[in-house]
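Colleague: Following this line is protein26.txt, made up of compact mmCIF, C-alpha atoms:
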# COMPACT_ATOMS: atom_id res chain seq x y z
CA MET A 1479 -165.58 34.56 1.39
CA SER A 1480 -165.34 31.21 3.21
CA TRP A 1481 -168.05 28.54 3.20
CA GLU A 1482 -168.45 29.07 6.93
CA THR A 1483 -169.28 32.74 6.28
CA HIS A 1484 -171.79 31.79 3.57
CA ILE A 1485 -173.42 29.29 5.95
CA ALA A 1486 -173.52 31.86 8.76
CA ASP A 1487 -174.98 34.62 6.56
CA ALA A 1488 -177.63 32.36 5.00
CA THR A 1489 -178.66 30.85 8.34
CA VAL A 1490 -178.97 34.22 10.09
CA GLU A 1491 -181.02 35.60 7.17
CA ILE A 1492 -183.40 32.63 7.01
CA PHE A 1493 -183.98 32.51 10.77
CA SER A 1494 -184.54 36.26 11.08
CA THR A 1495 -186.80 36.52 7.99
CA MET A 1496 -188.92 33.37 8.25
CA LEU A 1497 -188.79 32.42 11.94
CA MET A 1498 -188.33 35.81 13.64
CA MET A 1499 -185.50 34.16 15.61
CA GLU A 1500 -182.12 35.67 16.27
CA VAL A 1501 -179.30 33.19 15.91
CA SER A 1502 -175.58 33.73 16.13
CA SER A 1503 -172.85 31.65 14.55
CA GLN A 1504 -170.00 30.19 16.57
CA PRO A 1505 -166.52 29.22 15.35
CA PRO A 1506 -166.69 26.19 13.00
CA LEU A 1507 -166.01 22.82 14.58
CA THR A 1508 -162.57 21.44 13.87
CA GLU A 1509 -163.87 17.87 13.92
CA ARG A 1510 -167.09 16.66 12.32
CA ILE A 1511 -169.75 15.32 14.69
CA LYS A 1512 -171.39 12.34 13.04
CA SER A 1513 -173.38 10.89 15.96
CA HIS A 1514 -176.48 12.63 17.21
CA GLN A 1515 -178.59 11.84 20.28
CA ASP A 1516 -182.30 12.66 20.68
CA SER A 1517 -182.08 14.89 17.61
CA VAL A 1518 -183.63 15.76 14.27
CA THR A 1519 -181.63 16.25 11.06
CA GLY A 1520 -182.99 17.91 7.92
CA MET A 1521 -180.90 17.46 4.80
CA VAL A 1522 -180.67 18.08 1.07
CA GLY A 1523 -178.32 16.39 -1.38
CA MET A 1524 -176.47 18.20 -4.17
CA ALA A 1525 -175.40 16.79 -7.52
CA GLY A 1526 -173.87 18.14 -10.72
CA LEU A 1527 -170.85 20.43 -10.85
CA TYR A 1528 -170.61 19.94 -7.11
CA LYS A 1529 -171.79 16.96 -5.14
CA GLY A 1530 -172.44 16.83 -1.45
CA MET A 1531 -175.10 17.63 1.06
CA LEU A 1532 -176.31 20.30 3.41
CA ALA A 1533 -177.75 19.32 6.78
CA ILE A 1534 -179.15 21.04 9.83
CA HIS A 1535 -178.87 19.03 13.05
CA ALA A 1536 -180.81 20.04 16.18
CA PRO A 1537 -181.59 18.36 19.50
CA SER A 1538 -185.30 17.42 19.52
CA GLN A 1539 -186.23 20.21 21.93
CA VAL A 1540 -184.48 22.80 19.76
CA ALA A 1541 -186.09 21.40 16.60
CA MET A 1542 -189.51 21.70 18.27
CA THR A 1543 -188.79 25.33 19.22
CA ILE A 1544 -187.61 26.10 15.67
CA THR A 1545 -190.75 24.50 14.20
CA GLY A 1546 -192.95 26.35 16.68
CA ASN A 1547 -191.45 29.66 15.55
CA PHE A 1548 -191.70 28.64 11.91
CA LEU A 1549 -195.41 27.75 12.15
CA GLY A 1550 -196.44 30.10 14.94
CA LEU A 1551 -197.79 27.34 17.19
CA GLU A 1552 -196.87 25.16 20.15
CA VAL A 1553 -195.05 21.96 19.24
CA ASP A 1554 -194.69 19.32 21.96
CA SER A 1555 -193.37 16.29 20.08
CA VAL A 1556 -191.18 15.42 17.11
CA ASN A 1557 -194.05 15.02 14.66
CA ASP A 1558 -194.33 15.33 10.87
CA ASP A 1559 -194.38 19.13 11.13
CA VAL A 1560 -190.97 19.11 12.84
CA LYS A 1561 -189.43 16.79 10.23
CA ASP A 1562 -190.94 18.81 7.38
CA ALA A 1563 -189.78 22.13 8.87
CA MET A 1564 -186.22 20.88 9.37
CA GLY A 1565 -186.17 19.57 5.79
CA GLU A 1566 -187.44 22.87 4.46
CA LEU A 1567 -184.81 24.80 6.42
CA ALA A 1568 -182.14 22.57 4.84
CA ASN A 1569 -183.74 23.24 1.45
CA MET A 1570 -183.57 27.02 1.84
CA LEU A 1571 -179.99 26.86 3.11
CA ALA A 1572 -178.96 24.60 0.22
CA GLY A 1573 -180.65 26.98 -2.23
CA SER A 1574 -178.62 29.86 -0.84
CA ILE A 1575 -175.36 27.90 -1.05
CA LYS A 1576 -176.23 26.73 -4.57
CA ALA A 1577 -176.62 30.34 -5.70
CA LYS A 1578 -173.06 31.02 -4.46
CA LEU A 1579 -171.68 28.05 -6.41
CA SER A 1580 -173.08 28.80 -9.87
CA ASP A 1581 -175.23 31.33 -11.72
CA ASN A 1582 -176.68 28.54 -13.84
CA SER A 1583 -179.41 26.68 -11.92
CA LYS A 1584 -178.97 23.55 -14.01
CA ASP A 1585 -175.30 23.16 -13.05
CA ILE A 1586 -176.29 21.87 -9.64
CA GLN A 1587 -179.39 19.89 -8.74
CA LEU A 1588 -180.87 19.81 -5.26
CA SER A 1589 -182.61 16.69 -3.98
CA ILE A 1590 -186.02 16.76 -2.37
CA PRO A 1591 -185.45 17.50 1.35
CA SER A 1592 -185.53 14.64 3.82
CA ALA A 1593 -185.28 14.32 7.59
CA VAL A 1594 -184.16 11.74 10.11
CA CYS A 1595 -184.76 11.68 13.85
CA GLY A 1596 -184.20 9.33 16.75
CA ASP A 1597 -182.66 8.66 20.15
CA SER A 1598 -179.28 7.87 18.63
CA TYR A 1599 -178.14 7.86 15.00
CA SER A 1600 -175.08 8.62 12.97
CA LEU A 1601 -174.64 10.05 9.49
CA ASP A 1602 -171.72 8.67 7.56
CA TYR A 1603 -170.30 10.90 4.90
CA GLN A 1604 -166.70 10.94 3.74
CA PRO A 1605 -165.43 14.41 4.66
CA GLN A 1606 -164.60 16.35 1.50
CA GLN A 1607 -162.44 19.33 0.78
CA GLY A 1608 -165.39 21.68 1.41
CA SER A 1609 -166.41 20.16 4.73
CA SER A 1610 -167.81 22.62 7.28
CA MET A 1611 -169.83 22.27 10.46
CA VAL A 1612 -170.96 25.54 12.00
CA PRO A 1613 -172.66 25.73 15.42
CA PHE A 1614 -175.35 28.34 16.07
CA GLU A 1615 -176.76 29.62 19.34
CA SER A 1616 -180.43 30.60 19.60
CA ALA A 1617 -182.90 31.34 22.39
CA GLY A 1618 -184.12 27.78 21.89
CA GLY A 1619 -180.67 26.22 22.18
CA ARG A 1620 -177.74 25.16 20.04
CA PHE A 1621 -177.91 23.57 16.56
CA LEU A 1622 -175.45 22.73 13.79
CA VAL A 1623 -175.38 23.43 10.07
CA GLU A 1624 -173.19 21.11 8.04
CA LEU A 1625 -171.99 21.44 4.44
CA GLN A 1626 -170.16 18.65 2.62
CA LEU A 1627 -169.03 19.68 -0.84
CA GLU A 1628 -166.85 18.26 -3.56
CA GLN A 1629 -166.24 19.88 -6.94
CA GLN A 1630 -166.61 17.44 -9.84
CA THR A 1631 -164.03 17.52 -12.58
CA MET B 229 -217.49 36.02 -5.18
CA GLY B 230 -214.32 35.85 -3.04
CA LYS B 231 -210.91 35.27 -4.52
CA LYS B 232 -209.24 31.85 -4.48
CA VAL B 233 -205.52 31.08 -4.39
CA LEU B 234 -203.78 27.74 -4.92
CA ILE B 235 -200.47 27.11 -3.12
CA ILE B 236 -198.31 24.32 -4.59
CA ASP B 237 -195.40 23.13 -2.44
CA ASP B 238 -194.31 19.68 -1.28
CA SER B 239 -193.54 21.12 2.16
CA SER B 240 -196.60 21.41 4.41
CA THR B 241 -194.57 23.86 6.50
CA MET B 242 -194.02 26.12 3.51
CA ARG B 243 -197.71 25.96 2.54
CA LYS B 244 -198.59 27.12 6.05
CA ILE B 245 -195.94 29.89 5.94
CA VAL B 246 -197.24 31.15 2.58
CA THR B 247 -200.82 31.10 3.93
CA ARG B 248 -199.73 33.09 6.98
CA SER B 249 -197.77 35.53 4.80
CA LEU B 250 -200.81 36.16 2.59
CA ARG B 251 -202.86 37.03 5.66
CA GLN B 252 -200.10 39.18 7.17
CA ALA B 253 -199.74 40.97 3.84
CA GLY B 254 -203.45 41.81 3.99
CA LEU B 255 -204.21 39.98 0.75
CA ASP B 256 -207.85 39.10 0.80
CA PHE B 257 -208.39 35.51 -0.28
CA ASP B 258 -211.62 33.81 0.75
CA THR B 259 -210.33 30.35 -0.15
CA ILE B 260 -206.80 28.99 0.03
CA LEU B 261 -206.31 25.63 -1.70
CA GLU B 262 -203.19 23.49 -1.38
CA ALA B 263 -201.41 20.90 -3.51
CA GLY B 264 -198.25 18.93 -2.77
CA ASP B 265 -196.88 18.88 -6.33
CA GLY B 266 -197.70 19.87 -9.90
CA GLN B 267 -199.63 16.70 -10.65
CA GLU B 268 -201.90 17.15 -7.65
CA ALA B 269 -202.37 20.79 -8.65
CA LEU B 270 -203.49 19.88 -12.19
CA GLN B 271 -205.98 17.37 -10.78
CA LEU B 272 -207.33 20.02 -8.43
CA LEU B 273 -207.55 22.63 -11.20
CA ALA B 274 -209.69 20.22 -13.23
CA LYS B 275 -212.36 20.58 -10.55
CA GLU B 276 -211.76 24.02 -9.00
CA SER B 277 -211.24 27.45 -10.49
CA VAL B 278 -208.72 29.76 -8.81
CA ASP B 279 -207.66 33.37 -9.35
CA ILE B 280 -203.93 32.98 -8.80
CA ILE B 281 -201.38 30.20 -8.21
CA LEU B 282 -198.24 30.29 -6.06
CA SER B 283 -195.88 27.43 -6.91
CA ASP B 284 -192.60 26.00 -5.73
CA ILE B 285 -190.18 24.72 -8.42
CA ASN B 286 -188.28 21.82 -6.82
CA MET B 287 -190.95 19.20 -6.04
CA PRO B 288 -191.32 15.41 -6.40
CA ASN B 289 -193.59 13.77 -9.02
CA MET B 290 -194.08 16.93 -11.08
CA ASP B 291 -191.93 20.00 -10.51
CA GLY B 292 -192.99 23.61 -10.96
CA ILE B 293 -191.50 23.95 -14.46
CA GLU B 294 -193.33 20.89 -15.78
CA PHE B 295 -196.50 22.12 -14.09
CA LEU B 296 -196.17 25.44 -15.97
CA ARG B 297 -195.56 23.55 -19.22
CA GLN B 298 -198.70 21.41 -18.82
CA LYS B 299 -200.77 24.34 -17.59
CA SER B 300 -199.78 26.48 -20.58
CA ALA B 301 -200.95 23.68 -22.90
CA ASN B 302 -204.37 23.51 -21.23
CA ALA B 303 -206.72 26.18 -22.60
CA ALA B 304 -209.01 25.97 -19.57
CA ILE B 305 -206.35 27.06 -17.08
CA LYS B 306 -203.54 28.68 -19.11
CA SER B 307 -204.63 32.24 -18.27
CA ILE B 308 -204.44 31.81 -14.48
CA PRO B 309 -201.45 33.84 -13.28
CA VAL B 310 -198.66 31.90 -11.55
CA VAL B 311 -195.99 33.27 -9.21
CA MET B 312 -193.05 31.03 -8.37
CA ILE B 313 -191.99 30.83 -4.70
CA THR B 314 -188.68 29.05 -4.64
CA THR B 315 -185.16 28.61 -3.36
CA GLU B 316 -184.15 28.37 -7.04
CA ALA B 317 -183.01 31.94 -7.68
CA GLY B 318 -180.96 31.29 -10.85
CA ALA B 319 -181.75 33.71 -13.69
CA ASP B 320 -181.91 30.84 -16.19
CA ILE B 321 -184.58 28.85 -14.38
CA LEU B 322 -186.63 31.96 -13.64
CA ALA B 323 -186.38 32.93 -17.32
CA GLU B 324 -187.64 29.44 -18.25
CA ALA B 325 -190.52 29.86 -15.82
CA LYS B 326 -191.31 33.25 -17.33
CA SER B 327 -191.23 31.84 -20.87
CA LEU B 328 -193.83 29.29 -19.73
CA GLY B 329 -196.12 31.99 -18.39
CA ALA B 330 -194.99 32.70 -14.81
CA LYS B 331 -195.83 36.30 -13.90
CA GLY B 332 -193.26 36.74 -11.16
CA SER B 333 -191.13 35.08 -8.52
CA ILE B 334 -190.49 35.29 -4.80
CA LYS B 335 -187.26 33.91 -3.39
CA LYS B 336 -187.27 31.92 -0.17
CA PRO B 337 -186.72 33.22 2.48
CA PHE B 338 -189.31 35.95 2.03
CA THR B 339 -191.25 38.50 4.06
CA PRO B 340 -195.02 39.19 3.87
CA GLU B 341 -194.09 42.57 2.36
CA GLN B 342 -192.30 40.86 -0.53
CA VAL B 343 -195.33 38.62 -1.09
CA SER B 344 -197.59 41.66 -1.08
CA GLU B 345 -195.33 43.55 -3.49
CA VAL B 346 -195.30 40.76 -6.09
CA LEU B 347 -198.94 39.71 -5.78
CA GLY B 348 -200.31 43.21 -5.41
CA GLY B 349 -199.78 43.98 -9.06
CA LEU B 350 -201.54 40.80 -10.17
CA MET B 351 -204.68 41.03 -8.04
Please go through the file and, once you have read it, give me the structure as structure tokens.

Modeller:
Amino acid sequence: MSWETHIADATVEIFSTMLMMEVSSQPPLTERIKSHQDSVTGMVGMAGLYKGMLAIHAPSQVAMTITGNFLGLEVDSVNDDVKDAMGELANMLAGSIKAKLSDNSKDIQLSIPSAVCGDSYSLDYQPQQGSSMVPFESAGGRFLVELQLEQQT
Amino acid sequence: MGKKVLIIDDSSTMRKIVTRSLRQAGLDFDTILEAGDGQEALQLLAKESVDIILSDINMPNMDGIEFLRQKSANAAIKSIPVVMITTEAGADILAEAKSLGAKGSIKKPFTPEQVSEVLGGLM
């Protein structure tokens, strides 16, 4: 099974179970988007047998909708709840991917989730062999899930 | 006296989700306490008694495994049941948690029904 399929399956499961939101995956992007405008990115780093990171990028309005569904309340600005929710989504997605990579939890360590937001920012990461960026459509709008992965020898 | 639960997770979002899931699952807690990591939880448990603890594993300052280790060495709180709620689904880490006294685990993402199923037997 490809990484894109793992990303799609994990994302659909997390959104349907925890957010009661239906999302559908689109064909993976052929070129990585590294610049984001008026957006929020939640991300988790990976280290150990594999190194890399998993990130979820959403325009601010979509991130607010996602957070609203997550918490069951109205969200009208990119506040701490939005950043925390996007980080936690990245954490759950990374946990799912980690389970596909190794049965031994200590083989791969996940960082504490973090989030960035702003009118315009870019995330530099050297694309690795396991680089994937999968778009998703939801009722709230489009967002991206990105996986950068490199097996350590 | 009503039952008390302590939720330990560095994500405020996840603490709110767990709280909502407990209510949706019909689990009757009068008081829900929160801590952002294991260290904060131990400080809170020095002042408050609780009936059950739900804890994440991957947290800053003091993670869920170290929290279990320190809790199991503290006679005053070692008997409080702990259920891990975590993205860490590896059999090895869950076995380590169990060896340190964890009574069960719930994998994120989870439904209120799964929370009810695991906690129901411990209440």

Colleague: Need the shell around Ser283 of chain B: protein/DNA/RNA residues with any atom at most 12 Å away, counting only C-alpha atoms. Skip same-chain ones fewer than 5 positions apart. Format as a PyMOL selection string?

Modeller: chain B and resi 233-239+242-243+246+261-270+290-296+309-316+325+330-336

Colleague: With only C-alpha atoms as the atoms that count, which of A:Glu1482, A:Glu1615, A:Asp1516, A:Asp1585 lies nearest to chain B?

Modeller: A:Asp1585

Colleague: In Å, rounded to a single decimal, give me how far atom CA of Gln1587 of chain A is from atom CA of Ile281 of chain B.

Modeller: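 Computed distance, atom CA of Ile281 of chain B to atom CA of Gln1587 of chain A, equals 24.3 Å.
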
Colleague: Could you check which of B:Leu350, B:Ile285, B:Ala274, B:Ala253 is closest to chain A, using all atoms listed in the file?

Modeller: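 Among B:Leu350, B:Ile285, B:Ala274, B:Ala253, it is B:Ile285 that comes nearest to chain A.
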
Colleague: Need to verify the contact set: Ser1598 of chain A, 12 Å, all atoms listed in the file, exclusion of same-chain residues closer than 4 positions in sequence. Can you return it as JSON, numbers by chain?

Modeller: {"A": [1512, 1513, 1514, 1515, 1516, 1517, 1518, 1519, 1537, 1538, 1594]}

Colleague: Counting all atoms listed in the file, collect the residues of chain B whose closest atom lies at most 10 Å from chain A, and write them out as number ranges by chain.

Modeller: B: 238-242, 244-245, 248-249, 286-288, 314-322, 335-340

Colleague: Atom CA of Leu272 of chain B and atom CA of Gly348 of chain B are how many Å apart?

Modeller: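 According to the coordinates, atom CA of Leu272 of chain B and atom CA of Gly348 of chain B are separated by 24.4 Å.
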
Colleague: Please indicate the distance in Å from atom CA of Leu282 of chain B to atom CA of Asn1547 of chain A, rounded to one decimal place.

Modeller: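 Between these atoms lies a distance of 22.7 Å.
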